[in-house]
$ cat structure04.txt   # compact mmCIF, C-alpha atoms
# COMPACT_ATOMS: atom_id res chain seq x y z
CA MET A 2 22.46 4.54 14.17
CA THR A 3 19.21 3.19 12.74
CA VAL A 4 17.14 5.35 15.09
CA VAL A 5 19.07 8.48 14.06
CA ALA A 6 18.77 7.55 10.36
CA VAL A 7 15.01 7.01 10.71
CA ALA A 8 14.59 10.32 12.57
CA VAL A 9 16.60 12.27 9.98
CA ALA A 10 14.78 10.53 7.13
CA ALA A 11 11.41 11.39 8.68
CA VAL A 12 12.31 15.08 9.16
CA VAL A 13 13.76 15.41 5.63
CA ALA A 14 10.70 13.72 4.08
CA PHE A 15 8.34 15.84 6.20
CA ILE A 16 9.99 19.12 5.10
CA ALA A 17 10.14 18.05 1.44
CA SER A 18 6.49 16.97 1.54
CA SER A 19 5.43 20.32 3.03
CA ILE A 20 7.27 22.23 0.28
CA TYR A 21 5.84 19.87 -2.33
CA TYR A 22 2.25 20.65 -1.28
CA ILE A 23 2.92 24.41 -1.24
CA VAL A 24 4.15 24.13 -4.85
CA VAL A 25 1.59 21.66 -6.19
CA SER A 26 -1.64 22.65 -4.38
CA PRO A 27 -2.31 25.67 -6.67
CA ILE A 28 -2.27 23.30 -9.67
CA GLU A 29 -4.99 21.19 -8.02
CA LEU A 30 -6.96 24.34 -7.15
CA ARG A 31 -6.75 25.55 -10.76
CA ALA A 32 -7.89 22.15 -12.08
CA LEU A 33 -10.71 21.47 -9.61
CA GLY A 34 -11.88 24.93 -8.55
CA ASP A 35 -14.55 24.69 -5.84
CA ALA A 36 -14.30 20.88 -5.83
CA THR A 37 -10.81 21.06 -4.28
CA PRO A 38 -10.79 19.34 -0.88
CA ASP A 39 -10.65 21.84 1.99
CA ARG A 40 -7.44 21.06 3.88
CA GLY A 41 -7.75 23.99 6.29
CA LYS A 42 -4.78 25.86 7.67
CA PRO A 43 -1.60 24.18 8.93
CA HIS A 44 -1.91 23.34 12.63
CA PRO A 45 0.87 22.24 15.04
CA VAL A 46 -1.07 19.12 16.04
CA LYS A 47 -1.58 18.12 12.41
CA ALA A 48 2.09 18.80 11.69
CA ALA A 49 3.15 16.65 14.66
CA ALA A 50 0.82 13.83 13.56
CA GLU A 51 2.21 14.07 10.04
CA LEU A 52 5.75 13.83 11.37
CA VAL A 53 4.82 10.72 13.39
CA ARG A 54 3.18 9.20 10.29
CA THR A 55 6.35 9.83 8.27
CA ALA A 56 8.48 8.35 11.08
CA VAL A 57 6.35 5.18 11.04
CA LEU A 58 6.82 4.98 7.28
CA ALA A 59 10.60 5.47 7.61
CA SER A 60 10.78 2.81 10.36
CA VAL A 61 8.96 0.23 8.24
CA ILE A 62 11.17 0.96 5.21
CA ALA A 63 14.30 0.72 7.41
CA TRP A 64 13.11 -2.63 8.81
CA LEU A 65 12.22 -4.08 5.40
CA ALA A 66 15.35 -2.76 3.65
CA GLY A 67 17.62 -3.85 6.51
CA ARG A 68 16.23 -7.39 6.62
CA ALA A 69 16.15 -7.74 2.83
CA GLY A 70 19.71 -6.42 2.42
CA LEU A 71 18.48 -3.44 0.38
CA LEU A 72 19.65 -0.53 2.54
CA GLY A 73 22.36 0.59 0.13
CA LEU A 74 22.09 2.89 -2.86
CA PRO A 75 20.73 2.45 -5.49
CA GLU A 76 18.94 -0.77 -4.43
CA GLY A 77 17.14 1.13 -1.64
CA ILE A 78 15.68 3.48 -4.23
CA GLY A 79 14.51 0.47 -6.24
CA LEU A 80 12.76 -0.86 -3.13
CA ALA A 81 11.17 2.55 -2.52
CA VAL A 82 9.79 2.72 -6.06
CA LEU A 83 8.47 -0.86 -5.79
CA LEU A 84 6.76 -0.06 -2.47
CA TRP A 85 5.30 3.14 -3.94
CA LEU A 86 3.87 1.24 -6.89
CA ALA A 87 2.38 -1.53 -4.76
CA PHE A 88 0.91 0.52 -1.94
CA PRO A 89 0.28 4.29 -2.29
CA ALA A 90 -0.11 4.14 -6.09
CA VAL A 91 -2.44 1.13 -5.90
CA LEU A 92 -4.44 2.67 -3.03
CA LEU A 93 -4.81 5.98 -4.85
CA SER A 94 -5.88 4.23 -8.05
CA GLY A 95 -8.51 2.49 -5.89
CA SER A 96 -9.72 5.81 -4.53
CA MET A 97 -10.25 6.98 -8.13
CA LEU A 98 -11.85 3.69 -9.15
CA TRP A 99 -14.21 3.21 -6.20
CA ASP A 100 -14.53 6.57 -4.39
CA ARG A 101 -14.42 8.80 -7.50
CA VAL A 102 -11.50 10.87 -6.18
CA PRO A 103 -10.39 13.28 -8.97
CA PHE A 104 -7.29 12.24 -10.92
CA VAL A 105 -5.48 15.51 -10.11
CA THR A 106 -5.87 14.95 -6.36
CA ALA A 107 -4.80 11.29 -6.56
CA ALA A 108 -1.81 12.18 -8.78
CA MET A 109 -0.78 14.94 -6.38
CA HIS A 110 -0.80 12.55 -3.41
CA ALA A 111 0.98 9.86 -5.46
CA GLY A 112 3.76 12.35 -6.25
CA ASP A 113 4.08 13.19 -2.56
CA TRP A 114 4.39 9.52 -1.65
CA LEU A 115 7.01 8.88 -4.31
CA LEU A 116 9.01 11.86 -3.08
CA LYS A 117 8.79 10.72 0.55
CA LEU A 118 9.63 7.07 -0.12
CA VAL A 119 12.64 7.89 -2.32
CA LEU A 120 13.95 10.51 0.12
CA VAL A 121 13.62 8.09 3.06
CA ALA A 122 15.48 5.41 1.07
CA VAL A 123 18.25 7.86 0.12
CA VAL A 124 18.74 9.09 3.70
CA LEU A 125 18.75 5.52 5.06
CA GLY A 126 21.24 4.59 2.33
CA LEU A 127 23.52 7.51 3.23
CA PHE A 128 23.50 6.50 6.91
CA ARG A 129 24.31 2.87 6.10
CA MET B 3 12.98 -44.17 -19.28
CA THR B 4 12.74 -41.07 -17.08
CA VAL B 5 11.57 -41.59 -13.53
CA MET B 6 9.50 -38.68 -12.20
CA THR B 7 10.32 -38.06 -8.57
CA PRO B 8 7.77 -36.08 -6.54
CA ALA B 9 10.06 -33.02 -6.66
CA MET B 10 10.08 -33.10 -10.46
CA SER B 11 6.36 -33.59 -10.88
CA PRO B 12 4.86 -30.81 -13.04
CA THR B 13 1.72 -30.93 -10.89
CA ARG B 14 3.73 -30.17 -7.76
CA ARG B 15 5.55 -27.38 -9.56
CA LEU B 16 2.19 -25.80 -10.35
CA VAL B 17 1.10 -25.63 -6.72
CA PRO B 18 3.04 -22.46 -5.69
CA GLY B 19 1.77 -20.68 -8.80
CA LEU B 20 -1.79 -21.67 -7.99
CA TYR B 21 -1.39 -20.31 -4.46
CA LEU B 22 -0.06 -17.03 -5.89
CA ALA B 23 -3.01 -16.81 -8.28
CA ALA B 24 -5.31 -17.42 -5.31
CA ALA B 25 -3.51 -14.62 -3.42
CA ALA B 26 -4.67 -12.18 -6.13
CA LEU B 27 -8.11 -13.70 -6.79
CA VAL B 28 -9.46 -14.60 -3.35
CA PRO B 29 -9.29 -10.98 -2.04
CA LEU B 30 -11.77 -10.06 -4.80
CA VAL B 31 -14.27 -12.33 -3.06
CA THR B 32 -13.41 -11.34 0.51
CA ALA B 33 -13.44 -7.62 -0.39
CA SER B 34 -16.86 -8.06 -2.01
CA ILE B 35 -18.13 -9.62 1.23
CA TRP B 36 -16.45 -6.85 3.25
CA TYR B 37 -18.07 -4.02 1.26
CA THR B 38 -21.43 -5.82 1.17
CA VAL B 39 -21.38 -5.81 4.98
CA PHE B 40 -20.44 -2.11 5.13
CA VAL B 41 -22.18 -0.95 1.93
CA GLN B 42 -24.63 1.41 3.61
CA ALA B 43 -21.96 3.30 5.57
CA TRP B 44 -19.61 3.28 2.56
CA VAL B 45 -22.21 4.78 0.21
CA GLU B 46 -23.39 7.37 2.74
CA LEU B 47 -19.93 8.53 3.77
CA SER B 48 -18.28 8.58 0.35
CA GLY B 49 -21.29 9.95 -1.53
CA ILE B 50 -20.88 7.51 -4.40
CA ASP B 51 -23.74 6.24 -6.53
CA PRO B 52 -25.43 3.35 -4.62
CA ALA B 53 -26.19 1.53 -7.91
CA ALA B 54 -22.50 1.63 -8.91
CA ALA B 55 -21.51 0.35 -5.47
CA ALA B 56 -24.03 -2.50 -5.65
CA GLU B 57 -23.06 -3.69 -9.13
CA PRO B 58 -19.47 -2.92 -10.13
CA SER B 59 -18.74 -3.19 -13.85
CA VAL B 60 -16.52 -5.86 -15.41
CA TRP B 61 -13.87 -3.19 -16.05
CA GLU B 62 -13.90 -2.13 -12.42
CA MET B 63 -13.43 -5.75 -11.32
CA LEU B 64 -10.60 -6.24 -13.84
CA GLY B 65 -9.01 -3.04 -12.57
CA GLN B 66 -9.28 -4.37 -9.03
CA LEU B 67 -7.72 -7.69 -10.09
CA ALA B 68 -4.82 -5.82 -11.70
CA ARG B 69 -4.33 -3.82 -8.48
CA ASN B 70 -4.42 -7.02 -6.40
CA THR B 71 -1.85 -8.61 -8.73
CA VAL B 72 0.58 -5.70 -8.31
CA VAL B 73 0.28 -5.85 -4.51
CA MET B 74 0.53 -9.66 -4.46
CA LEU B 75 3.66 -9.70 -6.64
CA THR B 76 5.33 -7.04 -4.51
CA MET B 77 4.48 -8.87 -1.30
CA ALA B 78 5.76 -12.13 -2.80
CA VAL B 79 9.06 -10.45 -3.79
CA LEU B 80 9.43 -8.92 -0.32
CA ILE B 81 8.61 -12.18 1.46
CA SER B 82 11.09 -14.02 -0.77
CA ARG B 83 13.85 -11.40 -0.25
CA LEU B 84 13.28 -11.56 3.51
CA GLY B 85 13.82 -15.33 3.39
CA VAL B 86 10.43 -16.04 4.99
CA ARG B 87 9.32 -19.65 4.55
CA THR B 88 6.46 -19.93 7.02
CA ILE B 89 2.83 -18.82 6.91
CA ARG B 90 3.26 -16.99 10.21
CA GLY B 91 6.26 -15.08 8.81
CA ALA B 92 4.38 -14.18 5.62
CA LEU B 93 1.43 -12.92 7.69
CA ALA B 94 3.82 -10.81 9.81
CA VAL B 95 5.26 -9.18 6.66
CA ALA B 96 1.72 -8.60 5.33
CA VAL B 97 0.64 -6.87 8.56
CA THR B 98 3.84 -4.79 8.62
CA VAL B 99 3.41 -3.47 5.07
CA TRP B 100 -0.30 -2.91 5.70
CA PHE B 101 0.47 -0.81 8.78
CA GLY B 102 3.44 1.07 7.32
CA PHE B 103 2.02 1.87 3.91
CA GLU B 104 -1.70 1.27 3.60
CA ALA B 105 -2.89 2.37 7.05
CA MET B 106 -0.49 5.34 7.02
CA SER B 107 -1.34 6.30 3.45
CA ILE B 108 -5.09 6.67 3.98
CA LEU B 109 -4.52 8.31 7.38
CA GLY B 110 -3.22 11.38 5.53
CA SER B 111 -6.71 12.02 4.13
CA VAL B 112 -8.18 11.86 7.65
CA LEU B 113 -5.57 14.28 8.97
CA HIS B 114 -5.64 16.83 6.16
CA GLU B 115 -8.83 16.46 4.14
CA GLY B 116 -11.51 15.79 6.73
CA TYR B 117 -11.93 12.23 5.44
CA PRO B 118 -14.48 10.57 7.77
CA LEU B 119 -12.89 8.26 10.34
CA PRO B 120 -15.53 5.50 9.85
CA LEU B 121 -14.80 5.53 6.09
CA TYR B 122 -11.08 5.30 6.87
CA LEU B 123 -11.76 2.29 9.11
CA ILE B 124 -13.84 0.60 6.39
CA HIS B 125 -11.08 1.01 3.78
CA VAL B 126 -8.21 0.21 6.11
CA GLY B 127 -10.08 -2.84 7.39
CA ASP B 128 -10.51 -4.05 3.83
CA ALA B 129 -6.81 -3.43 3.18
CA LEU B 130 -5.95 -5.48 6.30
CA GLN B 131 -8.13 -8.44 5.36
CA THR B 132 -6.69 -8.31 1.82
CA ALA B 133 -3.12 -8.22 3.17
CA LEU B 134 -3.83 -11.17 5.48
CA VAL B 135 -5.42 -13.25 2.70
CA MET B 136 -2.47 -12.49 0.42
CA GLY B 137 0.02 -13.23 3.20
CA LEU B 138 -1.68 -16.57 3.87
CA PHE B 139 -1.57 -17.71 0.23
CA ILE B 140 1.96 -16.38 -0.38
CA GLY B 141 3.05 -18.21 2.78
CA LEU B 142 1.45 -21.40 1.44
CA ALA B 143 3.25 -20.87 -1.89
CA ARG B 144 6.57 -20.43 -0.09
CA LYS B 145 5.98 -23.60 1.94
CA ALA B 146 5.00 -25.53 -1.17
CA SER B 147 8.05 -24.37 -3.11
CA ALA B 148 10.37 -25.22 -0.20
CA ARG B 149 9.25 -28.87 -0.10
$ encode --input "structure04.txt" --output "structure tokens"
Amino acid sequence: MTVVAVAVAAVVAFIASSIYYIVVSPIELRALGDATPDRGKPHPVKAAAELVRTAVLASVIAWLAGRAGLLGLPEGIGLAVLLWLAFPAVLLSGSMLWDRVPFVTAAMHAGDWLLKLVLVAVVLGLFR
Amino acid sequence: MTVMTPAMSPTRRLVPGLYLAAAALVPLVTASIWYTVFVQAWVELSGIDPAAAAEPSVWEMLGQLARNTVVMLTMAVLISRLGVRTIRGALAVAVTVWFGFEAMSILGSVLHEGYPLPLYLIHVGDALQTALVMGLFIGLARKASAR
């Protein structure tokens, strides 16, 4: 059951993340103009790697939530928000602080991570 | 007259808190060493101002301490919720969250934004050493509080 839940969570988060970037990328382009990072065109290999990355993320959340007794809803969402704050949000604030990454880009990625983490927690909670 | 047993001693009660403070503070030192070792590659690959990299401002260091504190507190909560009471267990949790969140998070920039792989390795290596240092001190705090 856990493997199926992780797989479904990874696919749902991957699709939502792809839609998120389609919607949000023009905002970044408008704000940064020529300074917008060139992400190239979508490629099957990149998509597959992204799916694997999301599956790793879902597996780690499933492991942590399962062992900590936080797989249910809404406590799983609480865990997801805590993990988002401590890891992607902190890392992205570091990229602004030390690598001078523009706020718009960091905020866009932070939004993607929050979306993914919460969706993974919700799917894992529904499969519980 | 009150007899202070070792378990009631205020000094002993302070020890876990001191370990937790060290878990946030010591990575400032180890990260400084880390980036001093890799400063040339870091500056070249990220295109940041070499002077800023060599001498971070007080505000930047305070910002880094605040970031470390958020990560440390989250790791301490996780380690506590998982019932881990050993240093080895705390280190295992630290490596797991590093791999699942930090290594995976920065990997997205390599995949989609042409972020240089050596720069990724520098940052992810720093994140790993930070996670291990925090795991070590949180593990020591858990051991101290369990006594």
$ interface_residues --input "structure04.txt" --of "chain A" --to "chain B" --cutoff "9 Å" --atoms "all atoms listed in the file" --output "ChimeraX atom specification"
/A:38-41,43,47,50-51,54-55,57-62,65,68-70,83-89,91-95,98-101,114
$ residues_around --input "structure04.txt" --residues "range 5-18 of chain A" --least-positions-apart "2" --cutoff "7 Å" --atoms "all atoms listed in the file" --output "ChimeraX atom specification"
/A:2-3,20-22,52,55-56,59-60,113,117,120-121,124-125,128
$ closest_residue --input "structure04.txt" --among "B:Val126, B:Ala23, B:Val17, B:Leu64" --to "Tyr37 in chain B" --atoms "only C-alpha atoms"
B:Val126
$ residues_around --input "structure04.txt" --residues "Ala32 in chain A" --least-positions-apart "6" --cutoff "12 Å" --atoms "all atoms listed in the file" --output "PDB file with C-alpha atoms, in the frame of the given file"
ATOM      1  CA  VAL A  25       1.590  21.660  -6.190  1.00  0.00           C
ATOM      2  CA  SER A  26      -1.640  22.650  -4.380  1.00  0.00           C
ATOM      3  CA  PRO A  38     -10.790  19.340  -0.880  1.00  0.00           C
ATOM      4  CA  PRO A 103     -10.390  13.280  -8.970  1.00  0.00           C
ATOM      5  CA  PHE A 104      -7.290  12.240 -10.920  1.00  0.00           C
ATOM      6  CA  VAL A 105      -5.480  15.510 -10.110  1.00  0.00           C
ATOM      7  CA  THR A 106      -5.870  14.950  -6.360  1.00  0.00           C
ATOM      8  CA  MET A 109      -0.780  14.940  -6.380  1.00  0.00           C
TER       9      MET A 109
END
$ residues_around --input "structure04.txt" --residues "range 28-35 of chain B" --least-positions-apart "5" --cutoff "7 Å" --atoms "only C-alpha atoms" --output "ChimeraX atom specification"
/B:128,132,135
$ atom_distance --input "structure04.txt" --atom1 "CA of Arg144 in chain B" --atom2 "CA of Ala122 in chain A"
27.4 Å
$ atom_distance --input "structure04.txt" --atom1 "CA of Ser19 in chain A" --atom2 "CA of Gly127 in chain B"
28.2 Å
$ residues_around --input "structure04.txt" --residues "Ile78 in chain A" --least-positions-apart "3" --cutoff "9 Å" --atoms "all atoms listed in the file" --output "MDAnalysis selection string"
chainID A and resid 71:75 81:83 118:123 126
